[in-house]
$ cat structure_22.tsv   # TSV, C-alpha atoms
chain	number	residue	atom	x	y	z
D	285	MET	CA	-41.28	25.09	-16.86
D	286	SER	CA	-38.14	25.55	-14.80
D	287	LEU	CA	-37.13	22.88	-12.30
D	288	THR	CA	-37.33	24.00	-8.67
D	289	ILE	CA	-34.87	22.79	-6.05
D	290	ASP	CA	-35.44	23.50	-2.37
D	291	ILE	CA	-32.47	22.76	-0.12
D	292	VAL	CA	-33.16	22.38	3.58
D	293	SER	CA	-29.89	23.08	5.37
D	294	ASP	CA	-28.00	24.95	8.08
D	295	VAL	CA	-25.08	27.34	7.64
D	296	VAL	CA	-23.04	25.53	10.32
D	297	CYS	CA	-23.55	22.07	8.81
D	298	PRO	CA	-20.35	20.94	7.05
D	299	TRP	CA	-22.19	18.30	5.04
D	300	CYS	CA	-24.52	21.07	3.82
D	301	PHE	CA	-21.50	22.95	2.46
D	302	ILE	CA	-20.35	19.75	0.75
D	303	GLY	CA	-23.89	19.16	-0.53
D	304	LYS	CA	-23.98	22.67	-1.98
D	305	ARG	CA	-20.79	22.02	-3.93
D	306	ARG	CA	-22.07	18.67	-5.18
D	307	LEU	CA	-25.34	20.25	-6.29
D	308	GLU	CA	-23.37	22.89	-8.18
D	309	ALA	CA	-21.53	20.07	-9.96
D	310	ALA	CA	-24.87	18.39	-10.70
D	311	LEU	CA	-26.22	21.63	-12.14
D	312	GLU	CA	-23.23	21.81	-14.47
D	313	LEU	CA	-23.87	18.22	-15.60
D	314	HIS	CA	-27.51	19.20	-16.18
D	315	ARG	CA	-26.45	22.22	-18.24
D	316	GLN	CA	-24.11	20.07	-20.34
D	317	ARG	CA	-26.96	17.67	-21.14
D	318	ASP	CA	-29.20	20.48	-22.37
D	319	PRO	CA	-27.53	23.90	-22.69
D	320	GLN	CA	-30.85	25.45	-23.74
D	321	ALA	CA	-32.79	24.31	-20.67
D	322	PRO	CA	-33.71	27.04	-18.17
D	323	ARG	CA	-31.55	27.07	-15.06
D	324	PRO	CA	-33.32	25.45	-12.09
D	325	GLN	CA	-34.77	27.80	-9.48
D	326	ILE	CA	-32.96	27.19	-6.19
D	327	SER	CA	-34.10	28.18	-2.71
D	328	PHE	CA	-32.41	27.46	0.61
D	329	ARG	CA	-34.80	26.55	3.41
D	330	PRO	CA	-33.97	26.83	7.12
D	331	PHE	CA	-33.01	24.07	9.49
D	332	GLU	CA	-31.28	24.58	12.83
D	333	LEU	CA	-28.99	21.79	13.92
D	334	ASN	CA	-28.83	23.28	17.40
D	335	PRO	CA	-32.03	25.28	18.00
D	336	ASP	CA	-31.60	25.15	21.78
D	337	LEU	CA	-28.33	27.06	21.85
D	338	PRO	CA	-28.53	30.54	23.43
D	339	ARG	CA	-28.70	33.41	20.97
D	340	GLU	CA	-25.13	34.41	21.81
D	341	GLY	CA	-23.88	30.87	21.06
D	342	ILE	CA	-21.45	28.83	23.16
D	343	PRO	CA	-17.69	28.21	23.07
D	344	ARG	CA	-16.88	25.85	20.19
D	345	ALA	CA	-14.65	23.74	22.45
D	346	ASP	CA	-17.60	23.04	24.75
D	347	TYR	CA	-19.76	22.09	21.79
D	348	ILE	CA	-17.13	19.73	20.37
D	349	ALA	CA	-16.57	18.07	23.74
D	350	LYS	CA	-20.29	17.46	24.18
D	351	LYS	CA	-20.91	16.29	20.60
D	352	PHE	CA	-17.81	14.18	19.95
D	353	GLY	CA	-16.37	13.45	23.38
D	354	ALA	CA	-12.91	11.91	23.33
D	355	ARG	CA	-12.79	12.04	19.51
D	356	GLY	CA	-12.78	15.82	19.70
D	357	TYR	CA	-11.63	17.67	16.60
D	358	SER	CA	-10.32	14.45	15.00
D	359	ALA	CA	-13.94	13.77	14.07
D	360	HIS	CA	-13.49	16.41	11.35
D	361	ASP	CA	-10.60	14.68	9.59
D	362	ARG	CA	-12.80	13.02	6.95
D	363	LEU	CA	-14.62	16.28	6.27
D	364	VAL	CA	-11.34	18.11	5.73
D	365	GLY	CA	-10.34	15.54	3.11
D	366	ILE	CA	-13.66	15.67	1.27
D	367	GLY	CA	-13.71	19.46	1.44
D	368	ALA	CA	-10.24	19.68	-0.10
D	369	GLU	CA	-11.44	17.66	-3.09
D	370	LEU	CA	-14.32	20.12	-3.58
D	371	GLY	CA	-12.37	23.33	-3.06
D	372	ILE	CA	-13.60	23.91	0.50
D	373	PRO	CA	-10.61	24.60	2.79
D	374	PHE	CA	-12.32	23.66	6.05
D	375	ALA	CA	-10.50	25.30	8.97
D	376	PHE	CA	-12.32	23.91	12.00
D	377	ASP	CA	-9.51	25.00	14.31
D	378	ARG	CA	-10.33	28.66	13.60
D	379	ILE	CA	-13.90	28.38	14.90
D	380	ALA	CA	-14.09	29.79	18.42
D	381	ARG	CA	-17.85	29.96	18.87
D	382	GLN	CA	-20.77	27.68	17.97
D	383	PRO	CA	-23.65	29.99	17.06
D	384	ASN	CA	-27.38	29.82	17.31
D	385	THR	CA	-28.27	30.17	13.61
D	386	LEU	CA	-31.79	31.60	13.79
D	387	ALA	CA	-30.56	35.12	12.99
D	388	ALA	CA	-28.52	33.80	10.06
D	389	HIS	CA	-31.61	32.08	8.68
D	390	ALA	CA	-33.64	35.28	9.06
D	391	LEU	CA	-30.94	37.02	7.06
D	392	LEU	CA	-31.09	34.31	4.40
D	393	GLU	CA	-34.85	34.69	4.13
D	394	TRP	CA	-34.41	38.41	3.49
D	395	ALA	CA	-31.65	37.66	0.99
D	396	ARG	CA	-34.05	35.29	-0.82
D	397	ARG	CA	-36.57	38.11	-1.16
D	398	ARG	CA	-33.82	40.32	-2.57
D	399	GLY	CA	-32.57	37.72	-5.06
D	400	VAL	CA	-29.11	37.23	-3.54
D	401	GLN	CA	-29.74	34.20	-1.34
D	402	ASP	CA	-27.20	31.89	-2.96
D	403	ALA	CA	-24.41	34.45	-2.62
D	404	VAL	CA	-25.25	35.18	1.02
D	405	LYS	CA	-25.53	31.45	1.83
D	406	GLU	CA	-22.11	30.84	0.31
D	407	ALA	CA	-20.62	33.80	2.16
D	408	LEU	CA	-22.02	32.71	5.53
D	409	MET	CA	-20.71	29.17	5.15
D	410	LYS	CA	-17.28	30.42	4.11
D	411	ALA	CA	-17.26	32.90	6.99
D	412	PHE	CA	-17.91	30.11	9.49
D	413	PHE	CA	-15.99	27.15	8.10
D	414	VAL	CA	-13.03	28.90	6.45
D	415	ASP	CA	-12.61	32.19	8.30
D	416	GLY	CA	-13.91	31.07	11.70
D	417	LEU	CA	-16.14	34.12	12.15
D	418	ASP	CA	-18.75	34.32	14.91
D	419	LEU	CA	-22.16	34.00	13.25
D	420	SER	CA	-23.93	34.76	16.51
D	421	ASP	CA	-22.64	38.35	16.23
D	422	ALA	CA	-25.12	40.69	14.52
D	423	ALA	CA	-22.47	43.01	13.11
D	424	THR	CA	-20.55	40.06	11.66
D	425	LEU	CA	-23.68	38.69	10.00
D	426	ALA	CA	-24.51	42.05	8.46
D	427	GLY	CA	-20.95	42.53	7.26
D	428	VAL	CA	-20.81	39.12	5.61
D	429	ALA	CA	-24.16	39.70	3.89
D	430	ALA	CA	-23.11	43.15	2.70
D	431	GLY	CA	-20.01	41.62	1.15
D	432	ALA	CA	-22.26	39.20	-0.73
D	433	GLY	CA	-24.47	41.86	-2.29
D	434	LEU	CA	-27.11	42.65	0.32
D	435	ASP	CA	-27.56	46.24	1.49
D	436	ARG	CA	-25.85	46.55	4.89
D	437	LYS	CA	-28.68	48.49	6.53
D	438	GLU	CA	-31.22	45.97	5.25
D	439	ALA	CA	-29.00	43.16	6.55
D	440	GLN	CA	-28.77	44.77	9.97
D	441	ALA	CA	-32.54	45.16	10.09
D	442	ALA	CA	-33.12	41.57	8.96
D	443	VAL	CA	-30.86	40.15	11.68
D	444	ALA	CA	-32.90	41.98	14.34
D	445	ASP	CA	-36.33	41.37	12.77
D	446	GLU	CA	-38.42	39.18	15.08
D	447	GLU	CA	-41.08	38.72	12.38
D	448	LEU	CA	-38.48	37.22	10.06
D	449	ARG	CA	-37.37	34.91	12.86
D	450	ARG	CA	-40.95	33.74	13.33
D	451	ALA	CA	-41.27	33.11	9.59
D	452	VAL	CA	-38.09	31.03	9.72
D	453	ALA	CA	-39.36	29.05	12.70
D	454	GLU	CA	-42.62	28.31	10.88
D	455	GLU	CA	-40.75	27.21	7.75
D	456	GLU	CA	-38.52	24.99	9.83
D	457	GLU	CA	-41.50	23.40	11.53
D	458	LYS	CA	-42.98	22.60	8.11
D	459	ALA	CA	-39.78	20.79	7.21
D	460	ARG	CA	-39.86	18.73	10.39
D	461	GLN	CA	-43.52	17.86	9.76
D	462	MET	CA	-42.46	16.63	6.31
D	463	GLY	CA	-40.10	14.26	8.07
D	464	VAL	CA	-36.84	16.15	7.61
D	465	GLN	CA	-34.57	15.01	10.42
D	466	GLY	CA	-31.16	15.51	8.87
D	467	VAL	CA	-29.62	17.93	6.40
D	468	PRO	CA	-28.89	18.64	3.65
D	469	PHE	CA	-32.28	17.61	2.31
D	470	PHE	CA	-33.08	18.31	-1.35
D	471	ILE	CA	-36.63	18.63	-2.70
D	472	PHE	CA	-37.08	18.64	-6.47
D	473	ASN	CA	-40.24	20.23	-7.91
D	474	GLY	CA	-41.82	20.04	-4.47
D	475	ARG	CA	-42.24	16.26	-4.79
D	476	LEU	CA	-39.06	14.22	-5.11
D	477	ALA	CA	-36.78	14.21	-2.06
D	478	VAL	CA	-33.12	13.25	-1.66
D	479	GLU	CA	-31.50	13.20	1.77
D	480	GLY	CA	-27.82	13.78	2.41
D	481	ALA	CA	-24.83	15.18	0.53
D	482	GLN	CA	-25.20	12.76	-2.36
D	483	THR	CA	-22.91	12.59	-5.40
D	484	PRO	CA	-23.46	14.96	-8.32
D	485	GLU	CA	-24.58	11.99	-10.41
D	486	THR	CA	-27.24	11.02	-7.86
D	487	LEU	CA	-28.50	14.59	-7.65
D	488	LEU	CA	-28.58	14.85	-11.45
D	489	GLY	CA	-30.62	11.65	-11.58
D	490	ALA	CA	-33.13	13.15	-9.16
D	491	MET	CA	-33.34	16.31	-11.26
D	492	LEU	CA	-34.04	14.31	-14.41
D	493	GLU	CA	-36.61	12.14	-12.65
D	494	ALA	CA	-38.40	15.20	-11.28
D	495	GLU	CA	-38.51	16.74	-14.75
D	496	LYS	CA	-39.89	13.49	-16.21
D	497	GLU	CA	-42.60	13.30	-13.55
D	498	SER	CA	-43.59	16.91	-14.18
D	499	ALA	CA	-43.78	16.34	-17.92
D	500	ALA	CA	-46.02	13.32	-17.39
D	501	ALA	CA	-48.35	15.08	-14.95
$ encode --input "structure_22.tsv" --output "structure tokens"
Amino acid sequence: MSLTIDIVSDVVCPWCFIGKRRLEAALELHRQRDPQAPRPQISFRPFELNPDLPREGIPRADYIAKKFGARGYSAHDRLVGIGAELGIPFAFDRIARQPNTLAAHALLEWARRRGVQDAVKEALMKAFFVDGLDLSDAATLAGVAAGAGLDRKEAQAAVADEELRRAVAEEEEKARQMGVQGVPFFIFNGRLAVEGAQTPETLLGAMLEAEKESAAA
């Protein structure tokens, strides 16, 4: 039986991008331990860091001033250093707008159904953190998803689909009821949880523990 890994995260969460890279490293460690083992099944689950933002987003400068105050953009210095070690060239100065991410999560849910969720998740995070694109813009979202393997017309429809948005909201509420308050939040085999962008070794340990528990059940 393949290991399942659910990752509760947001596309505008820098620690979620770091957590994704560290999980990828953990998956490689897992593969090296047992090259014949089936690859874990990974799903990204929605979580909005800023669910109260208007759909069109707000100026990034206003968001930074409210969140970090006098520290401003210097609050990102540590993230830039960690990102560089992981191959993520964070470019926070390029971000002009802080988006409401509900539409992005609706797009990711559709991408999950089409089997390209990981690629679309990666593309959206890169678009925001590296290229500084506006993820509150429907055309931008569709373009990014199309570049990651999703049909552009399907992507456009997903971004505007209110039913998908409701499904995302329900999924997010389930996460909050489970006690998820911060992201990234990893759930292994639906039972073992790890909070935060932990090291690859820690994530590997959780994977092995989850597999052991499943084998003993």
$ axis_aligned_box --input "structure_22.tsv" --around "segment 421-438 of chain D" --padding-each-side "4 Å" --output "JSON"
{"center_x": -25.6, "center_y": 43.4, "center_z": 7.0, "size_x": 19.2, "size_y": 18.1, "size_z": 26.5}
$ atom_distance --input "structure_22.tsv" --atom1 "atom CA of Tyr347 of chain D" --atom2 "atom CA of Val452 of chain D"
23.7 Å
$ closest_atom_pairs --input "structure_22.tsv" --of "segment 439-467 of chain D" --to "segment 314-338 of chain D" --cutoff "8 Å" --atoms "all atoms listed in the file" --output "JSON lines"
{"residue": "D:Val452", "atom": "CA", "partner": "D:Pro330", "partner_atom": "CA", "distance": 6.4}
{"residue": "D:Glu455", "atom": "CA", "partner": "D:Pro330", "partner_atom": "CA", "distance": 6.8}
{"residue": "D:Glu456", "atom": "CA", "partner": "D:Phe331", "partner_atom": "CA", "distance": 5.6}
{"residue": "D:Ala459", "atom": "CA", "partner": "D:Phe331", "partner_atom": "CA", "distance": 7.9}
{"residue": "D:Val467", "atom": "CA", "partner": "D:Phe331", "partner_atom": "CA", "distance": 7.7}
$ write_last_selection --input "structure_22.tsv" --atoms "C-alpha atoms" --output "short mmCIF file (atom, residue, chain, number, x, y, z; two decimals), in the frame of the given file"
data_model
loop_
_atom_site.label_atom_id
_atom_site.label_comp_id
_atom_site.auth_asym_id
_atom_site.auth_seq_id
_atom_site.Cartn_x
_atom_site.Cartn_y
_atom_site.Cartn_z
CA VAL D 452 -38.09 31.03 9.72
CA GLU D 455 -40.75 27.21 7.75
CA GLU D 456 -38.52 24.99 9.83
CA ALA D 459 -39.78 20.79 7.21
CA VAL D 467 -29.62 17.93 6.40
#
$ closest_residue --input "structure_22.tsv" --among "D:Leu392, D:Leu307, D:Leu425, D:Leu363" --to "Pro468 of chain D" --atoms "all atoms listed in the file"
D:Leu307
$ closest_residue --input "structure_22.tsv" --among "D:Glu369, D:Glu454, D:Asp421, D:Asp377" --to "Ile348 of chain D" --atoms "all atoms listed in the file"
D:Asp377
$ closest_residue --input "structure_22.tsv" --among "D:Gln382, D:Gln465, D:Thr486, D:Ser498" --to "Val292 of chain D" --atoms "only C-alpha atoms"
D:Gln465
$ atom_distance --input "structure_22.tsv" --atom1 "atom CA of Glu457 of chain D" --atom2 "atom CA of Asp290 of chain D"
15.2 Å
$ residues_near_point --input "structure_22.tsv" --point "(-33.9, 42.0, 7.9)" --cutoff "10 Å" --atoms "only C-alpha atoms" --output "PDB file with C-alpha atoms, in the coordinates of the input"
ATOM      1  CA  ALA D 387     -30.560  35.120  12.990  1.00  0.00           C
ATOM      2  CA  ALA D 390     -33.640  35.280   9.060  1.00  0.00           C
ATOM      3  CA  LEU D 391     -30.940  37.020   7.060  1.00  0.00           C
ATOM      4  CA  LEU D 392     -31.090  34.310   4.400  1.00  0.00           C
ATOM      5  CA  GLU D 393     -34.850  34.690   4.130  1.00  0.00           C
ATOM      6  CA  TRP D 394     -34.410  38.410   3.490  1.00  0.00           C
ATOM      7  CA  ALA D 395     -31.650  37.660   0.990  1.00  0.00           C
ATOM      8  CA  ALA D 426     -24.510  42.050   8.460  1.00  0.00           C
ATOM      9  CA  ASP D 435     -27.560  46.240   1.490  1.00  0.00           C
ATOM     10  CA  ARG D 436     -25.850  46.550   4.890  1.00  0.00           C
ATOM     11  CA  LYS D 437     -28.680  48.490   6.530  1.00  0.00           C
ATOM     12  CA  GLU D 438     -31.220  45.970   5.250  1.00  0.00           C
ATOM     13  CA  ALA D 439     -29.000  43.160   6.550  1.00  0.00           C
ATOM     14  CA  GLN D 440     -28.770  44.770   9.970  1.00  0.00           C
ATOM     15  CA  ALA D 441     -32.540  45.160  10.090  1.00  0.00           C
ATOM     16  CA  ALA D 442     -33.120  41.570   8.960  1.00  0.00           C
ATOM     17  CA  VAL D 443     -30.860  40.150  11.680  1.00  0.00           C
ATOM     18  CA  ALA D 444     -32.900  41.980  14.340  1.00  0.00           C
ATOM     19  CA  ASP D 445     -36.330  41.370  12.770  1.00  0.00           C
ATOM     20  CA  GLU D 446     -38.420  39.180  15.080  1.00  0.00           C
ATOM     21  CA  GLU D 447     -41.080  38.720  12.380  1.00  0.00           C
ATOM     22  CA  LEU D 448     -38.480  37.220  10.060  1.00  0.00           C
ATOM     23  CA  ARG D 449     -37.370  34.910  12.860  1.00  0.00           C
TER      24      ARG D 449
END
$ decode --input "structure_22.tsv" --residues "segment 289-301 of chain D" --atoms "all heavy atoms" --output "mmCIF file, in the first residue's frame"
data_model
loop_
_atom_site.group_PDB
_atom_site.id
_atom_site.type_symbol
_atom_site.label_atom_id
_atom_site.label_comp_id
_atom_site.auth_asym_id
_atom_site.auth_seq_id
_atom_site.Cartn_x
_atom_site.Cartn_y
_atom_site.Cartn_z
ATOM 1 N N ILE D 289 0.458 11.333 1.578
ATOM 2 C CA ILE D 289 0.916 12.547 2.256
ATOM 3 C C ILE D 289 0.022 13.698 1.828
ATOM 4 O O ILE D 289 -0.021 14.059 0.651
ATOM 5 C CB ILE D 289 2.380 12.877 1.930
ATOM 6 C CG1 ILE D 289 3.288 11.675 2.208
ATOM 7 C CG2 ILE D 289 2.836 14.099 2.736
ATOM 8 C CD1 ILE D 289 4.736 11.896 1.783
ATOM 9 N N ASP D 290 -0.719 14.248 2.774
ATOM 10 C CA ASP D 290 -1.538 15.425 2.525
ATOM 11 C C ASP D 290 -0.808 16.633 3.100
ATOM 12 O O ASP D 290 -0.392 16.616 4.269
ATOM 13 C CB ASP D 290 -2.912 15.278 3.186
ATOM 14 C CG ASP D 290 -3.743 14.190 2.533
ATOM 15 O OD1 ASP D 290 -4.206 14.413 1.401
ATOM 16 O OD2 ASP D 290 -3.914 13.124 3.147
ATOM 17 N N ILE D 291 -0.672 17.665 2.287
ATOM 18 C CA ILE D 291 0.056 18.868 2.706
ATOM 19 C C ILE D 291 -0.912 20.041 2.712
ATOM 20 O O ILE D 291 -1.386 20.477 1.656
ATOM 21 C CB ILE D 291 1.225 19.165 1.756
ATOM 22 C CG1 ILE D 291 2.082 17.921 1.570
ATOM 23 C CG2 ILE D 291 2.056 20.333 2.281
ATOM 24 C CD1 ILE D 291 2.906 17.929 0.312
ATOM 25 N N VAL D 292 -1.225 20.525 3.895
ATOM 26 C CA VAL D 292 -2.094 21.692 4.026
ATOM 27 C C VAL D 292 -1.197 22.915 3.898
ATOM 28 O O VAL D 292 -0.248 23.084 4.675
ATOM 29 C CB VAL D 292 -2.829 21.689 5.384
ATOM 30 C CG1 VAL D 292 -3.823 22.846 5.452
ATOM 31 C CG2 VAL D 292 -3.536 20.360 5.610
ATOM 32 N N SER D 293 -1.489 23.783 2.921
ATOM 33 C CA SER D 293 -0.588 24.912 2.690
ATOM 34 C C SER D 293 -1.268 25.989 1.850
ATOM 35 O O SER D 293 -2.363 25.793 1.324
ATOM 36 C CB SER D 293 0.695 24.446 1.995
ATOM 37 O OG SER D 293 0.420 23.992 0.681
ATOM 38 N N ASP D 294 -0.579 27.121 1.732
ATOM 39 C CA ASP D 294 -1.069 28.225 0.900
ATOM 40 C C ASP D 294 0.009 28.582 -0.117
ATOM 41 O O ASP D 294 1.210 28.460 0.175
ATOM 42 C CB ASP D 294 -1.391 29.446 1.778
ATOM 43 C CG ASP D 294 -2.312 30.454 1.092
ATOM 44 O OD1 ASP D 294 -2.624 30.264 -0.102
ATOM 45 O OD2 ASP D 294 -2.729 31.423 1.750
ATOM 46 N N VAL D 295 -0.409 29.044 -1.284
ATOM 47 C CA VAL D 295 0.561 29.356 -2.341
ATOM 48 C C VAL D 295 1.344 30.628 -2.058
ATOM 49 O O VAL D 295 2.360 30.894 -2.708
ATOM 50 C CB VAL D 295 -0.130 29.471 -3.719
ATOM 51 C CG1 VAL D 295 -0.676 28.133 -4.154
ATOM 52 C CG2 VAL D 295 -1.217 30.533 -3.708
ATOM 53 N N VAL D 296 0.902 31.454 -1.107
ATOM 54 C CA VAL D 296 1.617 32.688 -0.775
ATOM 55 C C VAL D 296 2.326 32.582 0.567
ATOM 56 O O VAL D 296 2.692 33.588 1.171
ATOM 57 C CB VAL D 296 0.673 33.913 -0.796
ATOM 58 C CG1 VAL D 296 0.124 34.131 -2.196
ATOM 59 C CG2 VAL D 296 -0.462 33.747 0.209
ATOM 60 N N CYS D 297 2.542 31.352 1.021
ATOM 61 C CA CYS D 297 3.240 31.097 2.281
ATOM 62 C C CYS D 297 4.679 30.701 1.964
ATOM 63 O O CYS D 297 4.912 29.628 1.408
ATOM 64 C CB CYS D 297 2.530 29.967 3.037
ATOM 65 S SG CYS D 297 3.510 29.193 4.335
ATOM 66 N N PRO D 298 5.659 31.549 2.284
ATOM 67 C CA PRO D 298 7.045 31.208 1.938
ATOM 68 C C PRO D 298 7.544 29.954 2.632
ATOM 69 O O PRO D 298 8.306 29.171 2.043
ATOM 70 C CB PRO D 298 7.837 32.450 2.374
ATOM 71 C CG PRO D 298 6.960 33.144 3.376
ATOM 72 C CD PRO D 298 5.558 32.862 2.941
ATOM 73 N N TRP D 299 7.107 29.727 3.872
ATOM 74 C CA TRP D 299 7.520 28.512 4.564
ATOM 75 C C TRP D 299 6.924 27.271 3.915
ATOM 76 O O TRP D 299 7.488 26.170 4.003
ATOM 77 C CB TRP D 299 7.143 28.589 6.047
ATOM 78 C CG TRP D 299 8.030 29.517 6.807
ATOM 79 C CD1 TRP D 299 7.717 30.766 7.282
ATOM 80 C CD2 TRP D 299 9.409 29.298 7.154
ATOM 81 N NE1 TRP D 299 8.806 31.322 7.900
ATOM 82 C CE2 TRP D 299 9.851 30.448 7.850
ATOM 83 C CE3 TRP D 299 10.290 28.239 6.963
ATOM 84 C CZ2 TRP D 299 11.155 30.558 8.341
ATOM 85 C CZ3 TRP D 299 11.588 28.352 7.444
ATOM 86 C CH2 TRP D 299 12.009 29.494 8.126
ATOM 87 N N CYS D 300 5.776 27.425 3.250
ATOM 88 C CA CYS D 300 5.182 26.301 2.514
ATOM 89 C C CYS D 300 6.034 25.934 1.306
ATOM 90 O O CYS D 300 6.167 24.758 0.962
ATOM 91 C CB CYS D 300 3.760 26.641 2.087
ATOM 92 S SG CYS D 300 2.605 26.848 3.461
ATOM 93 N N PHE D 301 6.615 26.945 0.649
ATOM 94 C CA PHE D 301 7.518 26.694 -0.476
ATOM 95 C C PHE D 301 8.764 25.973 0.038
ATOM 96 O O PHE D 301 9.224 24.985 -0.547
ATOM 97 C CB PHE D 301 7.892 28.016 -1.133
ATOM 98 C CG PHE D 301 8.289 27.920 -2.584
ATOM 99 C CD1 PHE D 301 8.484 29.066 -3.335
ATOM 100 C CD2 PHE D 301 8.471 26.691 -3.210
ATOM 101 C CE1 PHE D 301 8.841 29.003 -4.670
ATOM 102 C CE2 PHE D 301 8.825 26.602 -4.550
ATOM 103 C CZ PHE D 301 9.024 27.774 -5.275
#
